[in-house]
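Raw protein_8.pdb, PDB, C-alpha atoms, pLDDT in the B column:
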ATOM      1  CA  MET A  17      -6.341   0.978 -10.493  1.00 57.00           C
ATOM      2  CA  PRO A  18      -5.120  -2.162 -12.278  1.00 64.00           C
ATOM      3  CA  LEU A  19      -7.616  -4.980 -12.649  1.00 65.00           C
ATOM      4  CA  ASP A  20      -5.573  -7.266 -10.383  1.00 90.00           C
ATOM      5  CA  LYS A  21      -5.726  -4.696  -7.559  1.00 89.00           C
ATOM      6  CA  LYS A  22      -9.478  -4.271  -8.048  1.00 89.00           C
ATOM      7  CA  ALA A  23      -9.950  -8.034  -8.025  1.00 90.00           C
ATOM      8  CA  MET A  24      -7.897  -8.336  -4.828  1.00 91.00           C
ATOM      9  CA  LYS A  25      -9.895  -5.591  -3.130  1.00 91.00           C
ATOM     10  CA  PHE A  26     -13.145  -7.300  -4.067  1.00 90.00           C
ATOM     11  CA  LYS A  27     -11.873 -10.684  -2.853  1.00 91.00           C
ATOM     12  CA  ALA A  28     -10.886  -9.073   0.440  1.00 93.00           C
ATOM     13  CA  LYS A  29     -14.385  -7.584   0.719  1.00 93.00           C
ATOM     14  CA  ILE A  30     -15.927 -11.042   0.252  1.00 94.00           C
ATOM     15  CA  PHE A  31     -13.643 -12.609   2.857  1.00 94.00           C
ATOM     16  CA  LYS A  32     -14.381  -9.751   5.235  1.00 95.00           C
ATOM     17  CA  ALA A  33     -18.120 -10.390   4.806  1.00 95.00           C
ATOM     18  CA  LEU A  34     -17.580 -14.096   5.503  1.00 95.00           C
ATOM     19  CA  ALA A  35     -15.317 -13.425   8.487  1.00 95.00           C
ATOM     20  CA  ASP A  36     -18.191 -12.658  10.851  1.00 96.00           C
ATOM     21  CA  PRO A  37     -19.605 -15.743  12.626  1.00 96.00           C
ATOM     22  CA  VAL A  38     -23.206 -14.493  12.353  1.00 97.00           C
ATOM     23  CA  ARG A  39     -22.921 -13.836   8.619  1.00 98.00           C
ATOM     24  CA  LEU A  40     -21.316 -17.237   8.126  1.00 96.00           C
ATOM     25  CA  GLU A  41     -24.171 -18.798  10.091  1.00 97.00           C
ATOM     26  CA  ILE A  42     -26.709 -17.001   7.889  1.00 98.00           C
ATOM     27  CA  ILE A  43     -24.970 -18.213   4.716  1.00 97.00           C
ATOM     28  CA  GLU A  44     -24.945 -21.774   6.076  1.00 97.00           C
ATOM     29  CA  PHE A  45     -28.644 -21.500   6.913  1.00 98.00           C
ATOM     30  CA  LEU A  46     -29.317 -20.474   3.316  1.00 98.00           C
ATOM     31  CA  ARG A  47     -27.403 -23.499   2.005  1.00 96.00           C
ATOM     32  CA  ASN A  48     -30.665 -25.430   1.699  1.00 93.00           C
ATOM     33  CA  GLY A  49     -32.491 -22.674  -0.132  1.00 96.00           C
ATOM     34  CA  GLU A  50     -34.332 -19.420   0.235  1.00 97.00           C
ATOM     35  CA  LYS A  51     -35.403 -18.327   3.709  1.00 98.00           C
ATOM     36  CA  CYS A  52     -37.635 -15.569   5.016  1.00 96.00           C
ATOM     37  CA  VAL A  53     -36.095 -13.079   7.433  1.00 95.00           C
ATOM     38  CA  CYS A  54     -38.697 -14.346   9.887  1.00 95.00           C
ATOM     39  CA  GLU A  55     -36.905 -17.738   9.745  1.00 97.00           C
ATOM     40  CA  ILE A  56     -33.379 -16.320   9.873  1.00 97.00           C
ATOM     41  CA  ILE A  57     -33.949 -14.248  13.044  1.00 97.00           C
ATOM     42  CA  PRO A  58     -34.788 -17.169  15.365  1.00 97.00           C
ATOM     43  CA  TYR A  59     -32.137 -19.352  13.724  1.00 97.00           C
ATOM     44  CA  VAL A  60     -29.267 -16.979  14.515  1.00 97.00           C
ATOM     45  CA  GLY A  61     -30.881 -15.816  17.769  1.00 97.00           C
ATOM     46  CA  ILE A  62     -30.225 -12.104  17.487  1.00 96.00           C
ATOM     47  CA  ALA A  63     -32.480  -9.067  17.118  1.00 96.00           C
ATOM     48  CA  GLN A  64     -34.057  -8.204  13.776  1.00 95.00           C
ATOM     49  CA  PRO A  65     -32.107  -4.949  13.283  1.00 96.00           C
ATOM     50  CA  LEU A  66     -28.817  -6.825  13.689  1.00 97.00           C
ATOM     51  CA  VAL A  67     -29.915  -9.562  11.279  1.00 97.00           C
ATOM     52  CA  SER A  68     -30.908  -6.876   8.774  1.00 96.00           C
ATOM     53  CA  ARG A  69     -27.483  -5.234   9.104  1.00 97.00           C
ATOM     54  CA  HIS A  70     -25.723  -8.552   8.451  1.00 98.00           C
ATOM     55  CA  LEU A  71     -27.971  -9.303   5.484  1.00 98.00           C
ATOM     56  CA  LYS A  72     -27.250  -5.851   4.056  1.00 97.00           C
ATOM     57  CA  ILE A  73     -23.505  -6.563   4.181  1.00 97.00           C
ATOM     58  CA  LEU A  74     -23.977  -9.967   2.545  1.00 97.00           C
ATOM     59  CA  LYS A  75     -26.158  -8.384  -0.137  1.00 97.00           C
ATOM     60  CA  SER A  76     -23.698  -5.545  -0.786  1.00 95.00           C
ATOM     61  CA  THR A  77     -20.965  -8.085  -1.534  1.00 95.00           C
ATOM     62  CA  GLY A  78     -23.243 -10.009  -3.877  1.00 96.00           C
ATOM     63  CA  LEU A  79     -23.296 -13.112  -1.691  1.00 97.00           C
ATOM     64  CA  VAL A  80     -27.061 -13.067  -1.164  1.00 98.00           C
ATOM     65  CA  LYS A  81     -30.039 -11.701  -3.024  1.00 98.00           C
ATOM     66  CA  VAL A  82     -33.451 -10.668  -1.755  1.00 97.00           C
ATOM     67  CA  ARG A  83     -36.916 -11.295  -3.103  1.00 97.00           C
ATOM     68  CA  LYS A  84     -39.890  -9.358  -1.789  1.00 96.00           C
ATOM     69  CA  GLU A  85     -43.270 -10.998  -1.450  1.00 95.00           C
ATOM     70  CA  GLY A  86     -45.860  -8.761   0.145  1.00 95.00           C
ATOM     71  CA  ASN A  87     -44.272  -7.401   3.297  1.00 94.00           C
ATOM     72  CA  ARG A  88     -41.847 -10.322   3.624  1.00 95.00           C
ATOM     73  CA  ARG A  89     -38.294 -10.522   2.361  1.00 96.00           C
ATOM     74  CA  TYR A  90     -36.775 -13.817   1.277  1.00 97.00           C
ATOM     75  CA  TYR A  91     -33.023 -14.249   1.035  1.00 98.00           C
ATOM     76  CA  SER A  92     -30.999 -16.778  -0.917  1.00 98.00           C
ATOM     77  CA  VAL A  93     -27.394 -17.343  -1.905  1.00 98.00           C
ATOM     78  CA  THR A  94     -26.614 -15.849  -5.304  1.00 97.00           C
ATOM     79  CA  ASP A  95     -24.028 -18.445  -6.312  1.00 97.00           C
ATOM     80  CA  PRO A  96     -23.672 -21.831  -4.601  1.00 96.00           C
ATOM     81  CA  ARG A  97     -19.956 -21.888  -5.478  1.00 96.00           C
ATOM     82  CA  ILE A  98     -19.429 -19.780  -2.338  1.00 96.00           C
ATOM     83  CA  PHE A  99     -19.962 -22.991  -0.361  1.00 96.00           C
ATOM     84  CA  ARG A 100     -16.826 -24.461  -1.971  1.00 95.00           C
ATOM     85  CA  VAL A 101     -14.875 -21.553  -0.487  1.00 93.00           C
ATOM     86  CA  ILE A 102     -16.473 -22.057   2.927  1.00 94.00           C
ATOM     87  CA  ASP A 103     -16.068 -25.833   2.801  1.00 94.00           C
ATOM     88  CA  ALA A 104     -12.375 -25.463   1.907  1.00 91.00           C
ATOM     89  CA  VAL A 105     -11.760 -24.441   5.524  1.00 88.00           C
ATOM     90  CA  THR A 106     -11.821 -28.008   6.783  1.00 89.00           C
ATOM     91  CA  PRO A 107     -11.222 -29.239  10.340  1.00 87.00           C
ATOM     92  CA  ASP A 108      -7.822 -30.544   9.134  1.00 90.00           C
ATOM     93  CA  LEU A 109      -6.880 -27.099   7.831  1.00 86.00           C
ATOM     94  CA  THR A 110      -7.974 -25.335  11.021  1.00 85.00           C
ATOM     95  CA  LEU A 111      -6.042 -27.877  13.146  1.00 87.00           C
ATOM     96  CA  SER A 112      -2.937 -27.420  11.010  1.00 88.00           C
ATOM     97  CA  LEU A 113      -3.152 -23.630  11.209  1.00 85.00           C
ATOM     98  CA  SER A 114      -3.752 -23.660  14.958  1.00 88.00           C
ATOM     99  CA  LYS A 115      -0.664 -25.885  15.448  1.00 86.00           C
ATOM    100  CA  ILE A 116       1.415 -23.392  13.453  1.00 89.00           C
ATOM    101  CA  ILE A 117       0.106 -20.525  15.585  1.00 88.00           C
ATOM    102  CA  ILE A 118       0.915 -22.404  18.800  1.00 88.00           C
ATOM    103  CA  GLU A 119       4.446 -23.165  17.530  1.00 84.00           C
ATOM    104  CA  HIS A 120       5.025 -19.485  16.810  1.00 82.00           C
ATOM    105  CA  ILE A 121       3.979 -18.316  20.266  1.00 84.00           C
ATOM    106  CA  ALA A 122       5.776 -21.106  22.148  1.00 66.00           C
TER     107      ALA A 122
END
Let me see the file written as structure tokens.
Amino acid sequence: MPLDKKAMKFKAKIFKALADPVRLEIIEFLRNGEKCVCEIIPYVGIAQPLVSRHLKILKSTGLVKVRKEGNRRYYSVTDPRIFRVIDAVTPDLTLSLSKIIIEHIA
């Protein structure tokens, strides 16, 4: 497979990981630094097994890393540049895109 195709597949995998509202919420929560799973669970308000599943997806795409300390796991963002990607989806952009969608269905 050509490098460009591999790169595109990997980019799609990253966007797919970011496309879930819970995973995006987790990433945003980690914006200010490393957090224990015990902090992430109440923040997102879902059960521990579901949080673990989301964290596994984020980890498999390289977006987060885990550090074990005793029986606790601490997660952090691997590269803060991911926030530039997230922040690029501004309210202006979402408004513009939603207007285009409305025009197409009207």
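Candidate residues A:Ile42, A:Ile30, A:Glu50, A:Ala104 were compared for distance to Leu66 (chain A), and the nearest is A:Ile42, using all atoms listed in the file.
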Exercise: residues within 12 Å of coordinate (-22.1, -12.9, -1.3), counting all atoms listed in the file, as JSON, numbers by chain: {"A": [26, 27, 28, 29, 30, 31, 32, 33, 34, 35, 39, 40, 42, 43, 44, 46, 70, 71, 72, 73, 74, 75, 76, 77, 78, 79, 80, 81, 82, 91, 92, 93, 94, 95, 96, 97, 98, 99, 101, 102]}
Two-atom distance - CA of Val38 (chain A), CA of Gln64 (chain A) (Å):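 Result for CA of Val38 (chain A) versus CA of Gln64 (chain A): 12.6 Å, one decimal.
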For CA of Ala63 (chain A) and CA of Asn87 (chain A), the interatomic separation in Å (one decimal):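 Atom-to-atom, CA of Ala63 (chain A) and CA of Asn87 (chain A) are spaced 18.2 Å apart.
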Per-axis box centre and lengths in Å around region 102-112 of chain A, 4 Å margin per side, axis-aligned, as lines of an AutoDock Vina configuration file:
center_x = -9.7
center_y = -26.3
center_z = 7.5
size_x = 21.5
size_y = 16.5
size_z = 19.2
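Going from CA of Lys25 (chain A) to CA of Val67 (chain A) covers 25.0 Å.
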Pick from A:Lys21, A:Ile118, A:Arg89, A:Val105: nearest to Lys51 (chain A), with all atoms listed in the file counted?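 Checking each of A:Lys21, A:Ile118, A:Arg89, A:Val105 against Lys51 (chain A), counting all atoms listed in the file, the winner is A:Arg89.
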